[in-house]
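Coordinates as given in protein-v5.txt (compact mmCIF, C-alpha atoms and all ligand atoms):
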# COMPACT_ATOMS: atom_id res chain seq x y z
CA MET A 276 148.04 84.53 107.32
CA THR A 277 144.80 83.88 109.24
CA VAL A 278 142.07 82.37 107.10
CA HIS A 279 138.63 83.91 107.64
CA GLU A 280 136.19 81.28 108.89
CA PRO A 281 132.67 82.26 107.83
CA SER A 282 129.84 81.86 110.33
CA ALA A 283 126.65 79.86 109.80
CA VAL A 284 123.52 78.99 111.78
CA VAL A 285 123.51 75.29 112.70
CA LEU A 286 120.64 73.19 114.06
CA ARG A 287 121.80 71.82 117.44
CA ALA A 288 118.73 69.64 118.18
CA HIS A 289 115.24 69.22 116.78
CA ARG A 290 112.45 71.35 118.20
CA THR A 291 110.09 69.18 120.17
CA ASP A 292 107.31 71.56 121.10
CA LEU A 293 105.55 74.44 119.33
CA THR A 294 106.08 76.71 122.33
CA GLN A 295 109.85 76.18 122.13
CA PRO A 296 111.46 79.26 120.52
CA PRO A 297 113.56 78.32 117.47
CA SER A 298 116.55 80.16 118.99
CA GLU A 299 116.80 77.38 121.61
CA VAL A 300 117.86 74.87 118.96
CA LEU A 301 120.02 77.15 116.81
CA GLU A 302 123.64 78.15 117.23
CA VAL A 303 125.88 80.50 115.27
CA VAL A 304 129.21 78.73 114.63
CA THR A 305 132.20 79.28 112.38
CA LEU A 306 132.98 76.72 109.68
CA PRO A 307 136.10 76.05 107.61
CA PRO A 308 135.99 78.10 104.41
CA GLN A 309 134.66 76.19 101.38
CA GLU A 310 136.37 76.54 98.01
CA PRO A 311 134.13 76.59 94.92
CA ASP A 312 134.57 73.70 92.44
CA ALA A 313 134.41 74.16 88.67
CA GLY A 314 131.00 75.65 87.80
CA GLN A 315 130.47 77.00 91.33
CA VAL A 316 130.60 80.44 92.92
CA ARG A 317 131.32 81.64 96.45
CA VAL A 318 128.80 84.23 97.59
CA ARG A 319 129.00 86.68 100.50
CA ASN A 320 125.47 87.12 101.76
CA LEU A 321 123.93 90.57 102.04
CA PHE A 322 120.30 89.81 103.01
CA GLN A 323 118.55 86.90 104.74
CA GLN A 324 114.80 86.34 104.62
CA VAL A 325 113.14 84.95 107.75
CA ILE A 326 109.99 82.90 107.07
CA ALA A 327 107.50 81.11 109.33
CA ALA A 328 107.94 77.72 107.61
CA SER A 329 111.58 77.49 108.80
CA GLY A 330 110.25 76.97 112.33
CA ASP A 331 108.42 73.81 111.11
CA LEU A 332 111.54 72.47 109.41
CA MET A 333 113.36 72.44 112.78
CA PHE A 334 111.20 69.52 113.97
CA ALA A 335 112.29 65.91 113.27
CA THR A 336 109.39 65.58 110.83
CA SER A 337 107.23 68.10 109.06
CA GLN A 338 104.31 67.95 106.68
CA ILE A 339 105.77 70.82 104.64
CA PRO A 340 106.83 69.20 101.36
CA VAL A 341 110.56 70.03 101.65
CA PRO A 342 113.23 68.14 103.65
CA VAL A 343 113.52 69.06 107.34
CA PHE A 344 116.79 70.59 108.62
CA ARG A 345 119.39 68.09 109.82
CA VAL A 346 120.91 68.24 113.29
CA GLY A 347 124.56 69.36 113.18
CA GLU A 348 124.21 71.05 109.78
CA PRO A 349 123.54 74.66 108.75
CA ILE A 350 119.87 75.45 108.16
CA SER A 351 118.88 77.11 104.88
CA GLY A 352 116.48 79.69 103.50
CA PRO A 353 116.11 82.47 100.92
CA ALA A 354 119.02 84.94 100.77
CA ILE A 355 120.75 87.40 98.47
CA GLY A 356 124.49 87.82 98.16
CA THR A 357 127.34 88.97 95.95
CA VAL A 358 129.66 86.59 94.11
CA VAL A 359 133.14 87.07 95.62
CA GLU A 360 134.87 84.14 93.88
CA SER A 361 133.75 82.58 90.62
CA ARG A 362 134.47 79.37 88.77
CA ALA A 363 131.33 79.81 86.69
CA GLY A 364 131.75 81.92 83.54
CA ASP A 365 128.17 83.18 83.54
CA MET A 366 128.37 84.52 87.13
CA PRO A 367 131.46 86.73 87.41
CA VAL A 368 132.67 88.31 90.66
CA GLY A 369 130.27 91.11 91.63
CA THR A 370 127.10 89.38 90.36
CA VAL A 371 124.26 89.75 92.87
CA VAL A 372 122.33 86.48 93.19
CA LEU A 373 119.20 85.13 94.86
CA HIS A 374 119.50 81.62 96.35
CA MET A 375 118.09 79.25 98.97
CA SER A 376 121.28 78.51 100.95
CA GLY A 377 121.15 81.40 103.37
CA TRP A 378 121.56 81.43 107.16
CA ARG A 379 125.33 81.63 106.63
CA GLU A 380 127.82 84.39 105.99
CA GLU A 381 129.01 82.71 102.81
CA SER A 382 127.39 80.16 100.48
CA VAL A 383 129.01 78.02 97.77
CA LEU A 384 126.52 77.51 94.96
CA GLY A 385 126.42 75.63 91.67
CA ARG A 386 124.46 76.18 88.46
CA GLY A 387 120.73 76.08 89.08
CA GLU A 388 121.24 77.16 92.71
CA ALA A 389 121.97 80.87 92.19
CA PHE A 390 119.83 83.28 90.17
CA PRO A 391 121.26 86.66 89.10
CA VAL A 392 119.08 89.55 90.31
CA PRO A 393 118.04 91.83 87.42
CA ASP A 394 119.35 95.39 87.64
CA GLY A 395 117.14 98.44 87.91
CA VAL A 396 113.75 96.73 88.29
CA PHE A 397 113.42 97.39 92.03
CA PRO A 398 115.17 99.90 94.33
CA GLY A 399 117.26 97.12 95.90
CA PRO A 400 117.95 93.39 95.42
CA GLU A 401 116.18 92.59 98.72
CA TYR A 402 112.87 93.37 96.98
CA LEU A 403 113.12 89.85 95.56
CA LEU A 404 113.03 88.36 99.07
CA ASN A 405 109.28 88.14 99.23
CA GLN A 406 106.61 85.46 99.43
CA GLY A 407 104.83 86.51 96.26
CA VAL A 408 105.02 83.12 94.53
CA PRO A 409 102.60 81.29 96.89
CA ALA A 410 100.54 84.48 97.26
CA TYR A 411 100.11 84.84 93.49
CA HIS A 412 99.47 81.12 92.97
CA GLY A 413 96.84 81.06 95.72
CA ILE A 414 95.02 84.24 94.71
CA VAL A 415 95.17 83.74 90.94
CA ASP A 416 95.25 79.98 90.25
CA ILE A 417 93.44 78.63 93.31
CA ALA A 418 90.95 81.30 94.44
CA GLU A 419 90.70 82.75 90.90
CA VAL A 420 90.19 86.26 92.25
CA GLY A 421 89.07 88.79 89.67
CA GLU A 422 86.97 91.90 89.10
CA GLY A 423 84.24 92.48 91.64
CA ASP A 424 85.30 89.87 94.20
CA VAL A 425 84.94 90.48 97.93
CA VAL A 426 88.14 88.97 99.31
CA LEU A 427 89.15 88.14 102.86
CA VAL A 428 92.84 87.50 103.66
CA SER A 429 93.93 86.15 107.05
CA GLY A 430 97.47 86.85 108.26
CA ALA A 431 97.26 89.86 105.96
CA ALA A 432 100.15 91.74 107.58
CA GLY A 433 102.47 88.71 107.24
CA GLY A 434 104.91 87.85 104.48
CA VAL A 435 102.54 85.82 102.28
CA GLY A 436 99.33 87.57 103.32
CA SER A 437 100.56 91.13 102.61
CA MET A 438 101.34 90.11 99.05
CA ALA A 439 98.13 88.09 98.62
CA ALA A 440 95.95 91.01 99.70
CA GLN A 441 97.67 93.44 97.33
CA ILE A 442 97.52 90.95 94.44
CA ALA A 443 93.76 90.65 95.01
CA LYS A 444 93.46 94.45 94.73
CA ALA A 445 95.65 94.52 91.62
CA ARG A 446 93.41 91.84 90.05
CA GLY A 447 90.41 94.16 90.40
CA ALA A 448 88.72 92.83 93.54
CA ALA A 449 85.95 95.19 94.65
CA THR A 450 86.75 94.85 98.34
CA VAL A 451 89.78 93.39 100.11
CA ILE A 452 89.55 92.87 103.87
CA GLY A 453 92.62 91.81 105.85
CA ILE A 454 92.79 90.20 109.29
CA ALA A 455 95.83 91.08 111.42
CA GLY A 456 96.89 91.31 115.06
CA GLY A 457 96.81 94.77 116.63
CA PRO A 458 95.75 98.30 115.64
CA GLU A 459 99.12 99.28 114.19
CA LYS A 460 99.11 96.37 111.71
CA CYS A 461 95.48 97.09 110.83
CA ARG A 462 96.26 100.75 110.15
CA TYR A 463 99.23 99.70 108.01
CA LEU A 464 97.03 97.43 105.89
CA VAL A 465 94.56 100.18 105.08
CA ASP A 466 96.75 103.31 105.00
CA GLU A 467 99.87 101.90 103.39
CA LEU A 468 98.93 98.73 101.52
CA GLY A 469 95.61 100.12 100.26
CA LEU A 470 93.26 97.44 101.60
CA ASP A 471 89.63 98.48 102.00
CA ALA A 472 89.34 97.40 105.62
CA ALA A 473 91.16 95.51 108.34
CA ILE A 474 89.95 93.40 111.26
CA ASP A 475 92.00 93.06 114.43
CA HIS A 476 91.76 89.41 115.47
CA ARG A 477 92.99 90.31 118.96
CA SER A 478 90.22 92.76 119.84
CA ASP A 479 87.47 92.72 117.18
CA ASP A 480 84.53 90.36 116.97
CA LEU A 481 85.13 88.67 113.60
CA ASP A 482 81.44 87.95 112.97
CA GLU A 483 80.32 91.48 113.74
CA ARG A 484 83.00 93.03 111.55
CA LEU A 485 82.44 90.64 108.63
CA THR A 486 78.68 91.24 108.74
CA ALA A 487 79.32 94.99 108.53
CA LEU A 488 82.12 94.89 105.94
CA ALA A 489 80.79 92.15 103.65
CA PRO A 490 76.98 92.14 103.99
CA GLY A 491 76.65 90.03 100.83
CA GLY A 492 79.32 87.59 102.01
CA ILE A 493 82.90 87.06 100.92
CA THR A 494 83.40 85.54 97.49
CA ALA A 495 87.04 84.53 98.02
CA PHE A 496 89.20 83.72 101.07
CA PHE A 497 92.99 83.40 101.24
CA ASP A 498 93.84 81.69 104.53
CA THR A 499 97.27 81.53 106.18
CA ILE A 500 95.91 80.98 109.71
CA GLY A 501 93.22 78.24 109.90
CA GLY A 502 91.49 77.65 113.24
CA SER A 503 88.69 80.00 114.28
CA GLN A 504 89.46 82.45 111.45
CA PHE A 505 88.68 79.76 108.86
CA GLU A 506 85.46 78.93 110.73
CA ALA A 507 84.40 82.62 110.71
CA ALA A 508 85.20 82.94 107.00
CA LEU A 509 82.94 79.98 106.21
CA ARG A 510 80.07 81.49 108.19
CA HIS A 511 80.38 84.58 105.98
CA ALA A 512 80.96 82.84 102.66
CA ALA A 513 78.80 83.88 99.71
CA PRO A 514 77.33 81.11 97.56
CA ARG A 515 80.08 79.39 95.51
CA ALA A 516 82.85 81.28 97.34
CA ARG A 517 86.39 80.03 96.61
CA PHE A 518 88.69 79.32 99.55
CA ALA A 519 92.46 79.03 98.97
CA LEU A 520 94.04 77.39 102.02
CA CYS A 521 97.70 78.40 102.22
CA GLY A 522 98.83 77.98 105.84
CA THR A 523 97.78 77.06 109.36
CA LEU A 524 99.73 79.52 111.48
CA ALA A 525 97.23 79.07 114.31
CA GLY A 526 98.53 75.51 114.57
CA GLN A 527 102.15 76.15 113.61
CA ILE A 528 102.68 78.58 116.45
CA GLY A 529 102.48 77.78 120.14
CA GLY A 530 99.70 79.62 121.91
CA GLY A 531 97.48 79.71 118.81
CA ASP A 532 93.95 78.30 118.76
CA GLY A 533 95.05 75.28 116.72
CA GLY A 534 95.22 74.84 112.97
CA HIS A 535 92.36 72.34 112.86
CA PRO A 536 89.12 74.22 112.28
CA ARG A 537 85.78 72.46 112.58
CA LEU A 538 84.29 72.28 109.12
CA ASP A 539 80.60 73.18 109.13
CA LEU A 540 79.77 70.79 106.32
CA MET A 541 76.16 71.85 105.94
CA THR A 542 77.14 75.47 105.31
CA ALA A 543 79.88 74.39 102.90
CA ILE A 544 77.46 72.10 101.03
CA ALA A 545 74.48 74.45 100.97
CA ARG A 546 76.59 77.34 99.67
CA GLU A 547 78.74 75.09 97.44
CA VAL A 548 81.91 76.63 98.84
CA ARG A 549 84.97 75.44 96.96
CA ILE A 550 87.70 74.74 99.51
CA ARG A 551 91.11 74.14 97.95
CA PRO A 552 94.26 73.63 100.04
CA PHE A 553 97.41 74.16 97.99
CA SER A 554 101.14 73.68 98.27
CA THR A 555 103.27 75.83 95.98
CA ARG A 556 106.02 73.92 94.22
CA HIS A 557 107.82 77.07 93.01
CA THR A 558 107.95 75.74 89.46
CA PRO A 559 109.78 77.93 86.89
CA GLU A 560 106.34 78.85 85.47
CA GLN A 561 105.01 79.94 88.90
CA ILE A 562 108.15 81.99 89.61
CA GLU A 563 108.01 83.60 86.16
CA ALA A 564 104.29 84.40 86.48
CA TRP A 565 104.85 86.16 89.81
CA ASN A 566 108.04 88.01 88.85
CA THR A 567 106.47 89.37 85.66
CA HIS A 568 103.40 90.70 87.48
CA TYR A 569 105.39 91.93 90.50
CA ALA A 570 107.70 94.04 88.32
CA ARG A 571 104.77 95.50 86.38
CA TRP A 572 102.53 96.19 89.37
CA TYR A 573 105.44 97.65 91.32
CA ALA A 574 106.32 100.02 88.43
CA GLU A 575 102.65 101.04 88.21
CA GLY A 576 102.52 101.74 91.96
CA ARG A 577 99.89 99.04 92.49
CA ILE A 578 101.91 96.87 94.82
CA ARG A 579 104.28 97.64 97.67
CA PHE A 580 107.01 95.52 99.09
CA ALA A 581 105.76 95.11 102.66
CA ARG A 582 108.77 94.36 104.84
CA THR A 583 110.55 94.76 108.13
CA LEU A 584 114.27 95.39 107.64
CA LEU A 585 116.54 94.42 110.54
CA GLU A 586 120.30 94.86 110.80
CA GLY A 587 122.59 91.79 111.15
CA PRO A 588 124.72 89.90 112.22
CA LEU A 589 123.48 86.31 111.84
CA GLN A 590 122.48 86.13 115.50
CA ARG A 591 119.92 88.85 114.70
CA ALA A 592 118.29 86.52 112.15
CA VAL A 593 118.02 83.83 114.85
CA ALA A 594 116.22 86.27 117.17
CA ALA A 595 114.05 87.43 114.26
CA GLN A 596 112.80 83.86 113.75
CA ASP A 597 111.46 83.87 117.33
CA GLU A 598 110.01 87.35 116.90
CA LEU A 599 108.30 86.47 113.61
CA LEU A 600 106.42 83.60 115.20
CA ALA A 601 105.44 85.88 118.10
CA GLY A 602 103.88 88.36 115.62
CA ALA A 603 106.40 91.11 116.35
CA HIS A 604 107.01 92.08 112.71
CA ARG A 605 105.00 92.83 109.64
CA GLY A 606 105.44 91.97 105.99
CA ASN A 607 108.45 90.05 104.76
CA VAL A 608 111.11 89.94 107.47
CA ILE A 609 114.63 90.58 106.16
CA VAL A 610 117.97 90.83 107.96
CA ARG A 611 120.69 92.91 106.30
CA PHE A 612 124.36 92.08 106.91
CA ALA A 613 127.15 94.62 106.78
CA GLY A 614 128.85 94.39 103.34
N1 LIG A 701 100.86 76.68 100.78
C1 LIG A 701 101.99 77.19 100.36
O1 LIG A 701 102.41 76.98 99.23
C2 LIG A 701 102.79 78.06 101.30
C3 LIG A 701 103.97 78.70 100.87
C4 LIG A 701 104.63 79.56 101.77
C5 LIG A 701 104.16 79.73 103.07
N2 LIG A 701 103.03 79.05 103.45
C6 LIG A 701 102.44 79.24 104.77
O2 LIG A 701 101.85 80.51 104.80
C7 LIG A 701 101.77 80.95 106.15
C8 LIG A 701 102.30 82.35 106.26
O3 LIG A 701 103.71 82.34 106.17
P1 LIG A 701 104.57 83.66 106.41
O4 LIG A 701 106.00 83.27 106.30
O5 LIG A 701 104.03 84.75 105.56
O6 LIG A 701 104.26 83.96 107.92
P2 LIG A 701 103.81 85.32 108.58
O7 LIG A 701 102.40 85.62 108.19
O8 LIG A 701 104.82 86.36 108.35
O9 LIG A 701 103.81 84.79 110.08
C9 LIG A 701 103.85 85.53 111.17
C10 LIG A 701 102.48 86.11 111.51
O10 LIG A 701 101.57 85.10 111.97
C11 LIG A 701 100.57 85.74 112.75
N3 LIG A 701 100.22 84.89 113.88
C12 LIG A 701 101.06 84.38 114.76
N4 LIG A 701 100.39 83.60 115.63
C13 LIG A 701 99.11 83.65 115.29
C14 LIG A 701 97.92 83.07 115.83
N5 LIG A 701 97.96 82.26 116.87
N6 LIG A 701 96.76 83.34 115.24
C15 LIG A 701 96.73 84.15 114.17
N7 LIG A 701 97.82 84.72 113.62
C16 LIG A 701 98.99 84.47 114.19
C17 LIG A 701 101.20 87.03 113.23
O11 LIG A 701 100.47 88.05 112.61
P3 LIG A 701 99.48 88.98 113.44
O12 LIG A 701 100.33 89.71 114.45
O13 LIG A 701 98.90 89.81 112.41
O14 LIG A 701 98.52 88.04 114.10
C18 LIG A 701 102.61 87.00 112.68
O15 LIG A 701 103.07 88.29 112.28
C19 LIG A 701 102.50 79.90 106.97
O16 LIG A 701 101.54 79.01 107.47
C20 LIG A 701 103.39 79.22 105.95
O17 LIG A 701 103.75 77.92 106.35
C21 LIG A 701 102.35 78.24 102.59
As structure tokens - that is how I would like this structure written.
Ligand SMILES: NC(=O)c1ccc[n+]([C@@H]2O[C@H](COP(=O)([O-])OP(=O)(O)OC[C@H]3O[C@@H](n4cnc5c(N)ncnc54)[C@H](OP(=O)(O)O)[C@@H]3O)[C@@H](O)[C@H]2O)c1
Amino acid sequence: MTVHEPSAVVLRAHRTDLTQPPSEVLEVVTLPPQEPDAGQVRVRNLFQQVIAASGDLMFATSQIPVPVFRVGEPISGPAIGTVVESRAGDMPVGTVVLHMSGWREESVLGRGEAFPVPDGVFPGPEYLLNQGVPAYHGIVDIAEVGEGDVVLVSGAAGGVGSMAAQIAKARGAATVIGIAGGPEKCRYLVDELGLDAAIDHRSDDLDERLTALAPGGITAFFDTIGGSQFEAALRHAAPRARFALCGTLAGQIGGGDGGHPRLDLMTAIAREVRIRPFSTRHTPEQIEAWNTHYARWYAEGRIRFARTLLEGPLQRAVAAQDELLAGAHRGNVIVRFAG
């Protein structure tokens, strides 16, 4: 009998340059099947999430506070799959689980590595493949967005930004303005995600648009981009505005204007702008806080799961990683594999 050898995406070499597409260092290979030990389950993956940070983890070193990927080994990332073999009593065959060992057809997971997906809360299990935890932490705990705020979100059509902007609305912000690349993404932000306005960073003048949209200044800023977008946000900050710095995509992606903005200290001092970078640790409390609000706001129709759904196989996820960094997709990017 031939034994099925599951495929996985392996890192062949470290990336050395931001302009180098991730696909150049990734390879889909087959691996010997892994048997679960006592307490473990074998999971056949159904969905793979593709996130920008994975591109950083392909370098030999990264400032992101998680270990970089190792050459010769499968890379990892958020995924959802079905238990097909179980040696763990609490996760019988058929359980659908969320885990962090994706980028492979099958994953063998122990206790504390696989989280059963609750039934009936969302239309499909892939709704849990979102970047709501850092979005919620940044908007709620760091920027402390609430009623009446005028909020600017950069990278608003991306995985984290699309959630952050909607969370700001759900928290009662008076105005939420998103920055995104291209008219289609801008239309999506306003017409489908319910933002008040969108600015196209490719064709609009940021200063002109911010003057028109936020004449009294922005009171909160959620930044995933850095660079010139951070600088523009500071020029338009209201007194005592709160800035939550989440990401520096302008510096993480080749061809961007660099993630290192110049900080106009006098403006920051005079307006007492509170600038707080943050790194989400995904603590059980942070995950619980987001999941509780996500389920409630989704049921109330106040939040949408912004995503791009692509069809597998694994090689499609590799291409999607390149495309994500090139700005080709919107929302949370998910690859679905045939069952
Ligand atoms: N601090 C934390 O705890 C934390 C946690 C998770 C993620 N992050 C960070 O959050 C950021 C967003 O992550 P994500 O996975 O949601 O990525 P994402 O926003 O989905 O990333 C892709 C988007 O980046 C935009 N982009 C690409 N190049 C750009 C450039 N040069 N200038 C401006 N925008 C550019 C594109 O949007 P447009 O086409 O609209 O320009 C593209 O669609 C990343 O920096 C990530 O590392 C931080």
Nearest residue to ligand LIG 701 (chain A) from the set A:Ala445, A:Leu464, A:Val435, A:Leu404 (distances using all atoms listed in the file): A:Val435
- request: Check every protein, DNA and RNA residue against ligand LIG 701 (chain A), keep those with an atom at most 7 Å away (counting all atoms listed in the file), and present them as a PyMOL selection string.
  value: chain A and resi 326-328+406+409+430-436+454-457+460+499-500+520-525+527-528+530-532+553-556+599-607
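The residue set within 7 Å of A:Gly314, counting only C-alpha atoms and dropping same-chain residues fewer than 3 places from it, reads Arg362, Ala363, Gly385 and Arg386 of chain A.
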- request: Please identify all polymer residues within 7 Å of stretch 364-379 of chain A, counting all atoms listed in the file, omitting same-chain residues fewer than 6 positions from it, and present them as a list in words.
  value: Ser282, Ala283, Val284, Gln323, Ile350, Ser351, Gly352, Pro353, Ala354, Ile355, Gly356, Thr357, Val358, Glu388, Ala389, Phe390, Pro391 and Val392 of chain A
- request: In Å, rounded to a single decimal, give me how far atom CA of A:Arg484 is from atom CA of A:Val608.
  value: 28.6 Å
